[in-house]
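Participant: This structure is in structure tokens; I'll ask about it shortly.
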Amino acid sequence: MSSYILEMHDITKTFPGVKALSNVNLKVEEGEIHAICGENGAGKSTLMKVLSGVYPSGDYEGKIVYRGEECHFKGIHDSEEKGIVIIHQELALVPMLSIAENIFLGNEHARWGVINWHANEARTRQLLAKVGLGEDPKTLITNIGTGKQQLVEIAKALSKDVELLILDEPTASLSEKDSQALLDLLLEFKRQGITSIIISHKLNEINRVADHVTVIRDGRTIETLDRSQISEDRIITSMVGRSLEDRYPPRDPQIGEPIFEVKNWSVYHPLHAERQVIKNIDITVRKGEVVGIAGLMGAGRTEFAMSLFGRSYGRKISGEVFLHGKAIDVSTVGKAVERGLAYVTEDRKVFGLNLIDTIKNNITIANLKGVSNVGVIDDLKELDVANDYRRKTNIRSPSVFQKTGNLSGGNQQKVVLSKWLFSSPEVLILDEPTRGIDVGAKYEIYTIIARLAAEGRAIIVISSEMPELLGISDRIYVMNEGRIVGEMAASDASQEKIMRAIVRGEGKAAS
Amino acid sequence: MTDTAPTPQTGVAQDVAGGPRVPVSTFASNLREYGLVLALIAIMVFFQFTTGTLFKPVNLSNLVQQNSFIIVMALGMLLVIVSGHIDLSVGSVAGFIGALAAMMMVIWPLGGFLGNPLVVSIICLLIGGAIGAAQGYWIAYHRIPSFIVTLAGMLVFRGLCQGLLGGGSSVGPLPDSFKALSSGFLPEVLGTWTLIPPTVNAAGKTIFGSGVTLNLTTVVIGIIAVLAFAISGVSARRTREKHGYEAEPFALFVVKTVVIAALALFFVYQFAVYRGFPIVLVVMGILVGIFVFITRHTTIGRRVYAMGGNIKAAQLSGIKTERLTLFVFINMGVLSALGGLIIAARLGQAVPAAGLGSELDVIAAVFIGGASAMGGVGQVMSTVVGGFIMGVMNNGMSIMGVNVDWQQVVKGLVLLGAVIFDVYNKNKG
């Protein structure tokens with residue numbers, strides 16, 4: 001008998017017209033942490049869906065062997081019975097139910113349909129202790145942060161006597177601190193003998209916890225690396241098929257006079273009226289300059305950007321905005337767009353795109369005036385515009401009539417970018433522009449940003465990935481707890497300096 | 001990008017090499033519309049065989065006159081549903097407006113100008129708009145769910161309708177010039193053309209209904225409309241090609257155009273041999289044209305779809321969603337009022353139960369037409385076909401003598417079947 005807990009042999013899965021997986025092989029050893037890497041659209045999630053039975057046996061070709069026994073899962077239920085539990089990227093928790101209710105949803109300690117709450121809560125306490133979450137089992141999911149929700153998902157998996165835990169990009173929306181805690185937890189599970197498969201883009205995390213890495217590209221297994229072979233360069237090379245010499249495009253910044261200034265900007269929380277979320281922020285962005293805003297989760301960066309953009313967040317907003325030295329009115333999104341502001345939102349699926357509509361209609365929606373005449377849309381002009389931006393931003397799709405919901409994350413982001421480029425902004429605010437997209441598409445997004453700066457626009461980039469900010473910005477503001485706590489030229493900034501500014505700021509806020 | 005810059009291939013999964021490039025998605029999305037039209041034709045042929053009278057000119061006129069108010073209201077409902085809402089009050093609003101119109105024309109001594117049917121109709125449409133605005137205000141600006149606001153409206157306006165008519169009585173008769181809205185035909189200005197002379201019986205009198213006489217006005221309007229349709233299709237193709245875009249395959253285009261033209265001419269002929277186009281058909285036809293144009297070619301139409309597809313993204317794209325929602329409900333109110341006028345004109349009087357339950361037929365027409373209950377999806381022409389599917393079934397089953405109870409059962413099952421078909425297709429695709 002092999003020591004493999006799971007073997008997937010020659011898995012091939014086709015969708016109408018597309019071969020998503022072709023002859024993929026994956027072998028996972030008992031008790032290890034096995035990472036799966038690959039660009040978006042490479043087929044990682046599809047592979048995991050095959051494994052967990054989301055695509056039932058018969059829908060794919062190939063063989064799944066679990067603990068030496070060939071399995072034909074007809075649904076998630078079958079795989080969970082065997083102890084295989086998958087935690088999806090989008091968490092599957094019911095926000096208005098409590099932690100305990102969520103953990104035992106569909107699996108309650110009950111007799112004749114009557115739930116034994118004491119048993120449920122007692123067991124929940126044990127599980128929460130295991131994952132290191134000190135919350136009351138009765139707390140509603142909606143009242144805890146994403147990091148804690150992730151832990152609840154894991155506790156839920158534990159409640160099912162998990163033997164093989166699959167995590168699909170578990171740290172994508174977690175802060176640095178929460179991510180570390182999660183990875184520590186995985187290592188702890190490993191000591192307890194639970195095998196984990198982790199899908200991740202974050203190579204430093206893989207580096208830290210993985211015993212083996214399997215790289216998938218274009219629906220094929222490229223290679224499996226063991227602990228001694230794992231390095232960021234090696235993984236990137238095999239993910240993109242060639243080495244990435246430079247992760248950021250070269251730039252020659254031509255910085256001019258200040259274009260965009262925000263003075264004394266204050267915002268209060270939309271629900272808790274006494275809580276000030278943004279505290280007297282002043283920033284300046286110059287022509288052709290890329291300005292980064294660094295900070296931890298919850299520092300108020302997105303809230304700041306959204307409140308600037310047509311008061312889309314918060315209330316009791318005060319402060320002034322200047323464009324070319326003149327005060328401008330940005331009190332509604334329409335006015336902000338008209339004055340030359342654009343805001344590429346953080347969560348493109350929730351705030352950026354109409355997923356059931358075409359690429360074309362998404363690109364023109366923020367500037368329908370540009371393709372219409374007294375309210376009547378010029379179809380051909382619109383088509384020209386859409387095709388033009390599809391080419392400029394390199395959106396990969398058969399045509400502009402493709403629904404944006406069917407695109408990969410990187411291509412979706414390019415559609416959102418196109419939408420805002422077509423509104424021809426002077427000031428472009430990008431909120432986490434590369435979150436959840438792969439290395440190759442990231443490079444393309446950076447190239448677009450560099451080009452926009454070269455065209456003389458003022459650009460603000462909000463990002464939680466410090467290397468990215470250091471790589472593309474000319475100047476960096478550091479934000480913490482609603483204040484600007486530091487400002488530095490990118491040339492003499494470093495991750496340590498940024499962190500130090502945050503920590504110092506924290507001290508200041510406390511005093 | 002520089003030469004050394006990596007350009008890894010991402011997201012190529014969709015880009016299947018060698019496949020047809022442009023028209024695929026448009027054709028696929030039209031496939032459903034074709035299927036719906038085929039279903040309507042199949043149902044019509046079925047009833048033609050079982051009843052033998054469905055395609056009779058007089059029955060076709062009846063069919064249009066009986067169902068036009070559903071389709072008129074469905075046009076408004078489509079926008080409501082596409083924007084992600086629902087309006088349960090349309091039947092009650094229609095009943096209330098019908099009662100109001102009857103009171104103004106028959107009971108209240110308004111006299112002269114204010115009692116004129118045209119003036120009354122315009123006032124009623126404005127009041128319909130105001131009712132829509134009143135409901136839309138709470139939905140748009142106070143985020144009260146449309147289901148609740150319009151459920152309240154449904155109760156309120158049914159009550160007002162009955163109250164206005166003084167309990168259970170009906171008010172009439174309405175003036176003939178008002179009734180023409182539903183039961184009138186386009187005036188014959190070009191005269192008639194006798195194709196086959198009527199049979200003369202032994203007594204020297206013509207047998208009523210024999211022979212074939214065409215109403216020339218109807219024929220001319222019909223032919224002009226069909227020609228305009230074909231020519232605009234060809235010219236749209238030309239401009240597309242001139243801009244370097246592939247249009248759909250030429251053969252498909254020709255077949256489609258010829259089939260639609262032939263069908264249209266067939267119906268034109270049927271109306272021409274009877275009494276010409278019913279006025280209500282013309283009103284409906286113009287409205288359908290306007291709404292096709294609004295939904296497909298105007299910014300306001302595009303914004304409604306964007307709002308229904310993802311309201312947050314729409315807001316962050318600068319769309320004033322509150323105002324747009326208000327507009328959608330005002331539009332619905334005006335069309336409900338028009339529906340109410342059509343119902344009253346057809347009955348010749350206002351009755352307390354006018355429009356009762358019609359909101360469900362209207363909503364069903366929109367969903368049979370393939371609109372999504374989640375918002376963001378739905379087409380005008382499909383809605384019209386959906387409305388006619390309901391109408392033909394009503395009409396055909398009545399002629400067959402199917403009990404009203406069973407008619408409800410069949411209609412319910414057709415609605416469910418159509419939506420299941422949609423969901424099944426979506427999951428498969």
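As shown in the structure tokens, the chain order sets the letters A, B, ...; within each chain, residues go from 1, and ligands are also counted from 1 in the order they appear.
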Identify, on the basis of only C-alpha atoms, every residue whose closest approach to region 387-390 of chain A does not exceed 12 Å; exclude the query and any residue fewer than 3 positions from it along the same chain; express the result as a VMD selection string.
Facilitator: (chain A and resid 359 to 364 380 to 384 393 to 402 411 to 423 448) or (chain B and resid 22 243 to 245)
Participant: Taking C-alpha atoms for each residue, export the selection above as a PDB file, in the first residue's frame.
Facilitator:
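Wrote it out as out_4.pdb, contents follow:
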ATOM      1  CA  ILE A 359     -18.427  42.926 -21.623  1.00  0.00           C
ATOM      2  CA  LYS A 360     -19.639  45.639 -23.999  1.00  0.00           C
ATOM      3  CA  ASN A 361     -22.482  46.830 -21.799  1.00  0.00           C
ATOM      4  CA  ASN A 362     -20.270  46.824 -18.718  1.00  0.00           C
ATOM      5  CA  ILE A 363     -17.596  48.913 -20.393  1.00  0.00           C
ATOM      6  CA  THR A 364     -19.937  51.693 -21.480  1.00  0.00           C
ATOM      7  CA  LEU A 380     -21.965  50.656 -33.718  1.00  0.00           C
ATOM      8  CA  LYS A 381     -20.106  53.349 -31.880  1.00  0.00           C
ATOM      9  CA  GLU A 382     -20.617  51.389 -28.685  1.00  0.00           C
ATOM     10  CA  LEU A 383     -19.328  48.236 -30.316  1.00  0.00           C
ATOM     11  CA  ASP A 384     -16.284  50.120 -31.600  1.00  0.00           C
ATOM     12  CA  THR A 393      -6.554  46.167 -22.013  1.00  0.00           C
ATOM     13  CA  ASN A 394      -6.098  42.729 -23.558  1.00  0.00           C
ATOM     14  CA  ILE A 395      -9.355  41.176 -22.347  1.00  0.00           C
ATOM     15  CA  ARG A 396      -9.300  37.539 -23.382  1.00  0.00           C
ATOM     16  CA  SER A 397     -12.710  36.476 -24.622  1.00  0.00           C
ATOM     17  CA  PRO A 398     -14.216  35.303 -27.906  1.00  0.00           C
ATOM     18  CA  SER A 399     -16.062  38.597 -28.285  1.00  0.00           C
ATOM     19  CA  VAL A 400     -17.376  41.592 -26.387  1.00  0.00           C
ATOM     20  CA  PHE A 401     -20.728  39.802 -26.186  1.00  0.00           C
ATOM     21  CA  GLN A 402     -19.349  37.403 -23.584  1.00  0.00           C
ATOM     22  CA  ASN A 411     -10.186  39.540 -17.297  1.00  0.00           C
ATOM     23  CA  GLN A 412     -13.050  40.766 -15.144  1.00  0.00           C
ATOM     24  CA  GLN A 413     -10.720  43.302 -13.602  1.00  0.00           C
ATOM     25  CA  LYS A 414      -9.690  44.463 -17.078  1.00  0.00           C
ATOM     26  CA  VAL A 415     -13.365  45.011 -17.911  1.00  0.00           C
ATOM     27  CA  VAL A 416     -13.782  47.159 -14.808  1.00  0.00           C
ATOM     28  CA  LEU A 417     -10.638  49.093 -15.717  1.00  0.00           C
ATOM     29  CA  SER A 418     -11.931  49.574 -19.260  1.00  0.00           C
ATOM     30  CA  LYS A 419     -15.190  50.916 -17.916  1.00  0.00           C
ATOM     31  CA  TRP A 420     -13.378  53.600 -15.985  1.00  0.00           C
ATOM     32  CA  LEU A 421     -10.841  54.346 -18.684  1.00  0.00           C
ATOM     33  CA  PHE A 422     -13.721  55.061 -21.050  1.00  0.00           C
ATOM     34  CA  SER A 423     -15.011  57.702 -18.654  1.00  0.00           C
ATOM     35  CA  ILE A 448      -2.021  49.643 -17.776  1.00  0.00           C
TER      36      ILE A 448
ATOM     37  CA  VAL B  22     -18.888  37.083 -33.358  1.00  0.00           C
ATOM     38  CA  HIS B 243     -17.865  48.905 -39.847  1.00  0.00           C
ATOM     39  CA  GLY B 244     -16.192  45.553 -40.242  1.00  0.00           C
ATOM     40  CA  TYR B 245     -18.443  43.497 -37.997  1.00  0.00           C
TER      41      TYR B 245
END
Participant: Could you list, as a PyMOL selection string, every residue within 12 Å of Arg323 (chain B), counting only C-alpha atoms and ignoring same-chain residues fewer than 4 positions away?
Facilitator: chain B and resi 133+136-141+300+303-304+307+315+318-319+327-330
Participant: Neighbours of Ile86 (chain A) within 10 Å (only C-alpha atoms; same-chain residues fewer than 4 positions away dropped), as a list of chain:residue names?
Facilitator: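 The neighbour list is A:Met48, A:Lys49, A:Leu51, A:Ser52, A:Ile76, A:Ser79, A:Glu80, A:Glu153, A:Ile154, A:Ala157, A:Val162, A:Leu164, A:Leu165, A:Ile166, A:Leu167, A:Asp168, A:Ser196, A:Ile197, A:Ile198.
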Participant: Which neighbours of Met103 (chain B) fall inside 8 Å, counting only C-alpha atoms, when residues of the same chain fewer than 4 positions from it are skipped, and could you give them as a list in words?
Facilitator: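 Within the cut-off, the hits are Ala99, Ile107, Trp108, Leu164, Leu165 and Val171 of chain B.
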Participant: Give me the residues of region 123-232 of chain A that have any atom at most 12 Å from an atom of region 452-470 of chain A; for each, the nearest atom pair and the distance in Å, rounded to one decimal. Use only C-alpha atoms, sort by chain and number, and format it as a Markdown table.
Facilitator:
| residue | atom | partner | partner_atom | distance |
| --- | --- | --- | --- | --- |
| A:Ala172 | CA | A:Ser464 | CA | 10.6 |
| A:Ser173 | CA | A:Ser464 | CA | 9.9 |
| A:Leu174 | CA | A:Ser464 | CA | 9.9 |
| A:Ser175 | CA | A:Ser464 | CA | 8.1 |
| A:Glu176 | CA | A:Ser464 | CA | 8.7 |
| A:Lys202 | CA | A:Glu465 | CA | 10.2 |
| A:Asn204 | CA | A:Pro467 | CA | 11.8 |
Participant: Which polymer residues have any atom within 12 Å of an atom of region 110-116 of chain A, counting only C-alpha atoms, with same-chain residues fewer than 6 positions away left out, as an MDAnalysis selection string?
Facilitator: chainID A and resid 100:101 104 122:123
Participant: Write out the residues from the selection above, keeping C-alpha atoms, as a PDB file, in the first residue's frame.
Facilitator:
ATOM      1  CA  ALA A 100     -23.299  27.231  16.550  1.00  0.00           C
ATOM      2  CA  GLU A 101     -26.214  27.142  14.141  1.00  0.00           C
ATOM      3  CA  PHE A 104     -24.172  22.256  12.719  1.00  0.00           C
ATOM      4  CA  ALA A 122     -21.077  22.533  24.103  1.00  0.00           C
ATOM      5  CA  ARG A 123     -19.653  20.856  21.019  1.00  0.00           C
TER       6      ARG A 123
END
Participant: Using only C-alpha atoms, find the one residue out of A:Leu91, A:Ala155, A:Ala20, A:Leu323 that sits nearest to chain B.
Facilitator: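 Looking at the shortest contact to chain B, the residue is A:Ala20.
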Participant: Given the choices A:His88, A:His77, A:His34, A:Arg247, which gets closest to chain B if the distance is worked out from only C-alpha atoms?
Facilitator: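 For chain B, the nearest of the candidates is A:Arg247.
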Participant: Please identify all polymer residues within 9 Å of Leu93 (chain A), counting only C-alpha atoms, omitting same-chain residues fewer than 4 positions from it, and present them as a PyMOL selection string.
Facilitator: chain A and resi 97+99+102-103+141+149+152-153
Participant: Those same residues - N, CA and C atoms - I'd like them written as an mmCIF file, in the first residue's frame.
Facilitator:
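Saved result, result-v6.cif, follows:
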data_model
loop_
_atom_site.group_PDB
_atom_site.id
_atom_site.type_symbol
_atom_site.label_atom_id
_atom_site.label_comp_id
_atom_site.auth_asym_id
_atom_site.auth_seq_id
_atom_site.Cartn_x
_atom_site.Cartn_y
_atom_site.Cartn_z
ATOM 1 N N LEU A 97 -27.504 33.706 11.108
ATOM 2 C CA LEU A 97 -27.557 32.621 12.092
ATOM 3 C C LEU A 97 -26.302 32.679 12.962
ATOM 4 N N ILE A 99 -22.991 31.253 15.280
ATOM 5 C CA ILE A 99 -21.855 30.383 14.990
ATOM 6 C C ILE A 99 -22.269 28.930 15.154
ATOM 7 N N ASN A 102 -24.574 27.704 12.473
ATOM 8 C CA ASN A 102 -23.877 27.509 11.211
ATOM 9 C C ASN A 102 -23.036 26.240 11.203
ATOM 10 N N ILE A 103 -22.346 26.011 12.320
ATOM 11 C CA ILE A 103 -21.457 24.851 12.357
ATOM 12 C C ILE A 103 -22.241 23.565 12.191
ATOM 13 N N ILE A 141 -23.019 35.324 12.781
ATOM 14 C CA ILE A 141 -21.908 35.354 11.841
ATOM 15 C C ILE A 141 -21.662 36.772 11.320
ATOM 16 N N GLN A 149 -14.701 34.356 10.478
ATOM 17 C CA GLN A 149 -15.649 33.533 9.724
ATOM 18 C C GLN A 149 -14.935 32.334 9.101
ATOM 19 N N VAL A 152 -14.581 29.784 11.599
ATOM 20 C CA VAL A 152 -15.843 29.079 11.822
ATOM 21 C C VAL A 152 -16.024 28.002 10.751
ATOM 22 N N GLU A 153 -15.680 28.339 9.528
ATOM 23 C CA GLU A 153 -15.758 27.349 8.450
ATOM 24 C C GLU A 153 -14.891 26.133 8.768
#
Participant: So which residues touch region 225-237 of chain A within 12 Å, counting only C-alpha atoms, skipping near sequence neighbours fewer than 6 positions away, as a ChimeraX atom specification?
Facilitator: /A:26-29,32-39,200-217,243-247,438-440 /B:6,8
Participant: Which of these, A:Met8, A:Ala342, A:Ile472, A:Leu296, has the shortest distance to Ile445 (chain A) once you count only C-alpha atoms?
Facilitator: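 Nearest candidate to Ile445 (chain A) out of A:Met8, A:Ala342, A:Ile472, A:Leu296: A:Ile472.
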Participant: Between CA of Gln276 (chain A) and CA of Glu481 (chain A), what is the distance in Å, rounded to a tenth?
Facilitator: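 Straight-line distance from CA of Gln276 (chain A) to CA of Glu481 (chain A) works out to 9.6 Å.
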Participant: Looking at only C-alpha atoms, which of A:Arg475, A:Arg451, A:Arg301, A:Lys497 is the one that sits closest to chain B?
Facilitator: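 Looking only at the distances to chain B, the closest residue turns out to be A:Arg451.
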